[in-house]
Each structure stands twice: as structure tokens, then as C-alpha cells.
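Chemist: One file: query.txt (compact mmCIF, N, CA and C atoms).
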# COMPACT_ATOMS: atom_id res chain seq x y z
N MET A 280 -26.85 185.06 -13.81
CA MET A 280 -27.12 185.72 -12.55
C MET A 280 -28.33 185.10 -11.86
N ALA A 281 -29.40 184.83 -12.62
CA ALA A 281 -30.59 184.21 -12.05
C ALA A 281 -30.25 182.84 -11.49
N GLU A 282 -29.33 182.18 -12.21
CA GLU A 282 -28.93 180.85 -11.76
C GLU A 282 -28.18 180.94 -10.43
N GLU A 283 -27.33 181.93 -10.29
CA GLU A 283 -26.59 182.14 -9.04
C GLU A 283 -27.55 182.44 -7.88
N ILE A 284 -28.59 183.22 -8.16
CA ILE A 284 -29.57 183.56 -7.12
C ILE A 284 -30.31 182.30 -6.70
N GLN A 285 -30.70 181.46 -7.66
CA GLN A 285 -31.40 180.22 -7.34
C GLN A 285 -30.49 179.30 -6.52
N THR A 286 -29.24 179.22 -6.89
CA THR A 286 -28.29 178.39 -6.16
C THR A 286 -28.12 178.92 -4.75
N THR A 287 -28.01 180.22 -4.59
CA THR A 287 -27.86 180.84 -3.28
C THR A 287 -29.10 180.58 -2.43
N ILE A 288 -30.29 180.75 -3.03
CA ILE A 288 -31.54 180.50 -2.32
C ILE A 288 -31.62 179.03 -1.92
N GLY A 289 -31.23 178.15 -2.82
CA GLY A 289 -31.23 176.71 -2.53
C GLY A 289 -30.31 176.39 -1.36
N ASN A 290 -29.11 177.00 -1.39
CA ASN A 290 -28.15 176.78 -0.31
C ASN A 290 -28.69 177.30 1.03
N ILE A 291 -29.34 178.46 0.97
CA ILE A 291 -29.92 179.05 2.20
C ILE A 291 -31.02 178.12 2.72
N GLU A 292 -31.86 177.60 1.81
CA GLU A 292 -32.94 176.70 2.23
C GLU A 292 -32.38 175.41 2.83
N LYS A 293 -31.33 174.86 2.21
CA LYS A 293 -30.70 173.65 2.75
C LYS A 293 -30.10 173.92 4.13
N GLU A 294 -29.46 175.05 4.27
CA GLU A 294 -28.86 175.43 5.55
C GLU A 294 -29.96 175.61 6.62
N ALA A 295 -31.08 176.23 6.21
CA ALA A 295 -32.19 176.43 7.14
C ALA A 295 -32.78 175.09 7.57
N GLU A 296 -32.92 174.16 6.62
CA GLU A 296 -33.44 172.83 6.95
C GLU A 296 -32.49 172.10 7.89
N LYS A 297 -31.22 172.23 7.64
CA LYS A 297 -30.21 171.59 8.49
C LYS A 297 -30.29 172.16 9.92
N ILE A 298 -30.39 173.48 10.02
CA ILE A 298 -30.49 174.12 11.34
C ILE A 298 -31.77 173.69 12.05
N LEU A 299 -32.86 173.61 11.28
CA LEU A 299 -34.14 173.19 11.85
C LEU A 299 -34.06 171.75 12.37
N GLU A 300 -33.47 170.86 11.60
CA GLU A 300 -33.32 169.46 12.02
C GLU A 300 -32.44 169.36 13.28
N GLU A 301 -31.36 170.14 13.31
CA GLU A 301 -30.50 170.13 14.50
C GLU A 301 -31.26 170.64 15.73
N ALA A 302 -32.07 171.66 15.53
CA ALA A 302 -32.86 172.20 16.64
C ALA A 302 -33.88 171.17 17.13
N LYS A 303 -34.52 170.47 16.18
CA LYS A 303 -35.48 169.44 16.56
C LYS A 303 -34.79 168.32 17.34
N GLU A 304 -33.63 167.91 16.88
CA GLU A 304 -32.89 166.84 17.56
C GLU A 304 -32.48 167.28 18.96
N LYS A 305 -32.01 168.51 19.06
CA LYS A 305 -31.61 169.04 20.37
C LYS A 305 -32.83 169.10 21.30
N ALA A 306 -33.97 169.52 20.79
CA ALA A 306 -35.20 169.58 21.59
C ALA A 306 -35.61 168.19 22.05
N ARG A 307 -35.51 167.20 21.15
CA ARG A 307 -35.85 165.82 21.53
C ARG A 307 -34.95 165.33 22.66
N LYS A 308 -33.65 165.63 22.56
CA LYS A 308 -32.72 165.21 23.61
C LYS A 308 -33.03 165.89 24.94
N ILE A 309 -33.36 167.17 24.89
CA ILE A 309 -33.70 167.91 26.11
C ILE A 309 -34.96 167.31 26.75
N LEU A 310 -35.97 167.04 25.92
CA LEU A 310 -37.21 166.46 26.44
C LEU A 310 -36.97 165.07 27.03
N GLU A 311 -36.16 164.28 26.36
CA GLU A 311 -35.86 162.95 26.88
C GLU A 311 -35.12 163.05 28.21
N GLY A 312 -34.17 163.96 28.29
CA GLY A 312 -33.46 164.17 29.56
C GLY A 312 -34.41 164.61 30.66
N ALA A 313 -35.34 165.49 30.33
CA ALA A 313 -36.32 165.96 31.32
C ALA A 313 -37.22 164.81 31.76
N ARG A 314 -37.64 163.95 30.82
CA ARG A 314 -38.47 162.79 31.18
C ARG A 314 -37.72 161.87 32.14
N LEU A 315 -36.46 161.60 31.82
CA LEU A 315 -35.66 160.72 32.68
C LEU A 315 -35.50 161.33 34.07
N LYS A 316 -35.22 162.62 34.12
CA LYS A 316 -35.03 163.30 35.40
C LYS A 316 -36.33 163.27 36.22
N SER A 317 -37.45 163.50 35.56
CA SER A 317 -38.73 163.48 36.28
C SER A 317 -39.04 162.09 36.80
N LYS A 318 -38.70 161.06 36.02
CA LYS A 318 -38.90 159.68 36.50
C LYS A 318 -38.03 159.40 37.72
N GLU A 319 -36.79 159.90 37.70
CA GLU A 319 -35.90 159.72 38.85
C GLU A 319 -36.48 160.39 40.09
N ILE A 320 -36.95 161.61 39.91
CA ILE A 320 -37.50 162.36 41.04
C ILE A 320 -38.72 161.63 41.60
N LEU A 321 -39.60 161.17 40.71
CA LEU A 321 -40.81 160.48 41.16
C LEU A 321 -40.50 159.13 41.80
N ALA A 322 -39.42 158.51 41.38
CA ALA A 322 -39.06 157.20 41.92
C ALA A 322 -38.39 157.29 43.28
N GLN A 323 -37.91 158.47 43.64
CA GLN A 323 -37.23 158.60 44.92
C GLN A 323 -38.22 158.36 46.06
N ALA A 324 -37.72 157.74 47.10
CA ALA A 324 -38.56 157.45 48.27
C ALA A 324 -38.87 158.75 49.01
N ILE A 325 -40.11 158.86 49.43
CA ILE A 325 -40.50 160.02 50.23
C ILE A 325 -39.95 159.80 51.64
N PRO A 326 -39.33 160.81 52.20
CA PRO A 326 -38.77 160.64 53.55
C PRO A 326 -39.89 160.45 54.58
N MET A 327 -40.19 159.21 54.89
CA MET A 327 -41.29 158.89 55.80
C MET A 327 -41.04 159.42 57.21
N ASP A 328 -39.78 159.53 57.59
CA ASP A 328 -39.49 160.07 58.93
C ASP A 328 -40.05 161.48 59.07
N ASP A 329 -39.86 162.29 58.04
CA ASP A 329 -40.38 163.66 58.09
C ASP A 329 -41.90 163.66 58.17
N ILE A 330 -42.52 162.77 57.41
CA ILE A 330 -43.98 162.70 57.41
C ILE A 330 -44.48 162.25 58.78
N GLU A 331 -43.83 161.26 59.35
CA GLU A 331 -44.23 160.77 60.68
C GLU A 331 -44.06 161.85 61.74
N LYS A 332 -42.97 162.60 61.66
CA LYS A 332 -42.75 163.69 62.63
C LYS A 332 -43.85 164.74 62.50
N GLU A 333 -44.17 165.10 61.27
CA GLU A 333 -45.22 166.10 61.04
C GLU A 333 -46.56 165.58 61.55
N LYS A 334 -46.84 164.31 61.30
CA LYS A 334 -48.09 163.71 61.76
C LYS A 334 -48.17 163.75 63.28
N LYS A 335 -47.08 163.41 63.96
CA LYS A 335 -47.06 163.44 65.42
C LYS A 335 -47.28 164.85 65.95
N LEU A 336 -46.65 165.83 65.30
CA LEU A 336 -46.84 167.22 65.73
C LEU A 336 -48.29 167.67 65.57
N ILE A 337 -48.90 167.29 64.47
CA ILE A 337 -50.30 167.65 64.24
C ILE A 337 -51.20 167.00 65.28
N ILE A 338 -50.98 165.73 65.54
CA ILE A 338 -51.80 165.02 66.52
C ILE A 338 -51.58 165.61 67.92
N GLN A 339 -50.33 165.90 68.25
CA GLN A 339 -50.03 166.49 69.55
C GLN A 339 -50.73 167.83 69.71
N GLY A 340 -50.67 168.66 68.68
CA GLY A 340 -51.34 169.96 68.73
C GLY A 340 -52.84 169.81 68.89
N ALA A 341 -53.42 168.86 68.17
CA ALA A 341 -54.86 168.62 68.26
C ALA A 341 -55.24 168.12 69.65
N ASP A 342 -54.41 167.24 70.21
CA ASP A 342 -54.67 166.75 71.57
C ASP A 342 -54.62 167.87 72.60
N GLU A 343 -53.63 168.74 72.47
CA GLU A 343 -53.50 169.86 73.41
C GLU A 343 -54.69 170.81 73.29
N GLU A 344 -55.09 171.11 72.08
CA GLU A 344 -56.23 172.00 71.87
C GLU A 344 -57.51 171.36 72.41
N SER A 345 -57.67 170.07 72.17
CA SER A 345 -58.85 169.37 72.66
C SER A 345 -58.87 169.36 74.19
N LYS A 346 -57.73 169.15 74.81
CA LYS A 346 -57.65 169.16 76.28
C LYS A 346 -58.02 170.54 76.82
N THR A 347 -57.49 171.58 76.20
CA THR A 347 -57.79 172.95 76.63
C THR A 347 -59.28 173.25 76.49
N ARG A 348 -59.85 172.89 75.37
CA ARG A 348 -61.28 173.13 75.17
C ARG A 348 -62.13 172.34 76.16
N ARG A 349 -61.72 171.12 76.44
CA ARG A 349 -62.45 170.29 77.40
C ARG A 349 -62.41 170.93 78.79
N GLU A 350 -61.23 171.40 79.19
CA GLU A 350 -61.10 172.05 80.50
C GLU A 350 -61.98 173.29 80.59
N VAL A 351 -61.97 174.11 79.53
CA VAL A 351 -62.80 175.32 79.52
C VAL A 351 -64.28 174.93 79.61
N SER A 352 -64.67 173.92 78.87
CA SER A 352 -66.07 173.47 78.89
C SER A 352 -66.47 172.95 80.26
N GLU A 353 -65.58 172.19 80.89
CA GLU A 353 -65.87 171.66 82.23
C GLU A 353 -66.01 172.79 83.25
N LYS A 354 -65.15 173.81 83.15
CA LYS A 354 -65.25 174.95 84.07
C LYS A 354 -66.57 175.68 83.85
N ARG A 355 -66.94 175.89 82.61
CA ARG A 355 -68.19 176.59 82.30
C ARG A 355 -69.39 175.78 82.79
N ALA A 356 -69.34 174.46 82.60
CA ALA A 356 -70.43 173.60 83.07
C ALA A 356 -70.53 173.65 84.59
N ALA A 357 -69.40 173.68 85.27
CA ALA A 357 -69.41 173.76 86.74
C ALA A 357 -70.01 175.09 87.19
N GLN A 358 -69.69 176.17 86.48
CA GLN A 358 -70.26 177.48 86.82
C GLN A 358 -71.77 177.47 86.62
N VAL A 359 -72.23 176.89 85.53
CA VAL A 359 -73.66 176.83 85.25
C VAL A 359 -74.36 175.99 86.33
N ARG A 360 -73.77 174.84 86.68
CA ARG A 360 -74.36 174.00 87.72
C ARG A 360 -74.41 174.74 89.06
N ALA A 361 -73.38 175.51 89.36
CA ALA A 361 -73.33 176.22 90.64
C ALA A 361 -74.37 177.33 90.71
N THR A 362 -74.62 178.00 89.62
CA THR A 362 -75.56 179.13 89.64
C THR A 362 -76.98 178.74 89.26
N ALA A 363 -77.18 177.53 88.74
CA ALA A 363 -78.51 177.12 88.28
C ALA A 363 -79.55 177.12 89.40
N PRO A 364 -79.27 176.53 90.57
CA PRO A 364 -80.32 176.52 91.61
C PRO A 364 -80.74 177.93 92.02
N GLU A 365 -79.79 178.81 92.16
CA GLU A 365 -80.10 180.19 92.55
C GLU A 365 -80.96 180.87 91.48
N LYS A 366 -80.57 180.69 90.22
CA LYS A 366 -81.34 181.29 89.12
C LYS A 366 -82.75 180.70 89.06
N ARG A 367 -82.84 179.38 89.24
CA ARG A 367 -84.15 178.73 89.22
C ARG A 367 -85.02 179.25 90.35
N GLU A 368 -84.43 179.39 91.52
CA GLU A 368 -85.18 179.90 92.68
C GLU A 368 -85.66 181.33 92.42
N ASN A 369 -84.82 182.16 91.85
CA ASN A 369 -85.22 183.53 91.53
C ASN A 369 -86.37 183.55 90.52
N GLU A 370 -86.31 182.69 89.52
CA GLU A 370 -87.37 182.63 88.53
C GLU A 370 -88.68 182.16 89.16
N VAL A 371 -88.59 181.16 90.02
CA VAL A 371 -89.80 180.67 90.71
C VAL A 371 -90.39 181.78 91.58
N ARG A 372 -89.53 182.47 92.33
CA ARG A 372 -89.99 183.56 93.20
C ARG A 372 -90.69 184.65 92.36
N LEU A 373 -90.10 185.06 91.23
CA LEU A 373 -90.70 186.06 90.38
C LEU A 373 -92.04 185.59 89.84
N THR A 374 -92.12 184.33 89.45
CA THR A 374 -93.37 183.78 88.92
C THR A 374 -94.44 183.77 90.00
N VAL A 375 -94.07 183.32 91.19
CA VAL A 375 -95.02 183.27 92.32
C VAL A 375 -95.50 184.67 92.64
N ASN A 376 -94.61 185.64 92.66
CA ASN A 376 -94.99 187.01 92.97
C ASN A 376 -95.94 187.59 91.91
N GLU A 377 -95.77 187.18 90.68
CA GLU A 377 -96.65 187.65 89.62
C GLU A 377 -98.03 186.99 89.74
N ILE A 378 -98.07 185.75 90.20
CA ILE A 378 -99.33 185.04 90.31
C ILE A 378 -100.13 185.50 91.53
N LYS A 379 -99.46 185.77 92.65
CA LYS A 379 -100.14 186.19 93.87
C LYS A 379 -100.86 187.52 93.63
N PRO A 380 -102.13 187.57 94.17
CA PRO A 380 -102.85 188.85 94.02
C PRO A 380 -102.36 189.93 94.95
Can you give me the file's structure in the form of C-alpha cells?

Modeler:
Amino acid sequence: MAEEIQTTIGNIEKEAEKILEEAKEKARKILEGARLKSKEILAQAIPMDDIEKEKKLIIQGADEESKTRREVSEKRAAQVRATAPEKRENEVRLTVNEIKP
């Protein structure tokens, strides 16, 4: 009976080793397939047309925003130039009035 148990345990161990080796082999094949697939993906050409289109859109948007900001700045500068002499004159008048006895 002890001999039968040892034989059974031996058979179970051999079967477990066989299953383990099969699992390792299957894992190696899966990893190799994944490596090959990743190399294929990395080797594919990046669609430069899409990149160029995106680049043009970004530049166009930046140009439009820059133009808008420039226009706003020019309007503000024109307003400051238009009101500066009047403000300067008011300040001079106030200063003169403070100095006069």
C-alpha cells in the first residue's frame, strides 16, 4: 500500500511538472508573440498627414489669438493716447492750484 501511495505521488508530481513545463512554454510563446506585435506597431509609419494637419490648426489658432490680442492692445493704446493730454492737463492744473497761494 505504501508503495502504491509513493507511485501515485510520483505520478502526480510528474504530471504537475509536465503541466508546469507546458504552461511555461505557452507563456514563452505568448511573450514572443507580444514582442513581435509590439515591434510591428512601433515599426509602423506615423501618419505625418495627421500631424501636419494638427500642426497647421495649432499655428492657425495661435495666429488668430495673436491677431485678436494685438488689435485689443492697439485699441487700448489709442484710447490711452487720446486721453493722455487731457489727464496730463488736469494733473498740471491740480498741481498749479495746490502751489498757488

Chemist: Could you write out as AutoDock Vina command-line options the box around segment 345-351 of chain A (axis-aligned, all atoms listed in the file, 6 Å on each side), with centre and edge lengths in Å to one decimal?

Modeler:
--center_x -60.9 --center_y 172.2 --center_z 76.4 --size_x 18.8 --size_y 18.2 --size_z 20.4

Chemist: For atom C of Gln358 of chain A and atom CA of Arg372 of chain A, quote the distance in Å rounded to one decimal.

Modeler: 20.3 Å

Chemist: Record the distance separating atom CA of Glu283 of chain A and atom N of Ala302 of chain A, expressed in Å with one decimal.

Modeler: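 Computing it gives 27.3 Å between the two atoms.
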
Chemist: Quick one: distance from atom N of Thr374 of chain A to atom C of Thr362 of chain A in Å, one decimal?

Modeler: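 Separating atom N of Thr374 of chain A from atom C of Thr362 of chain A is a distance of 16.1 Å.
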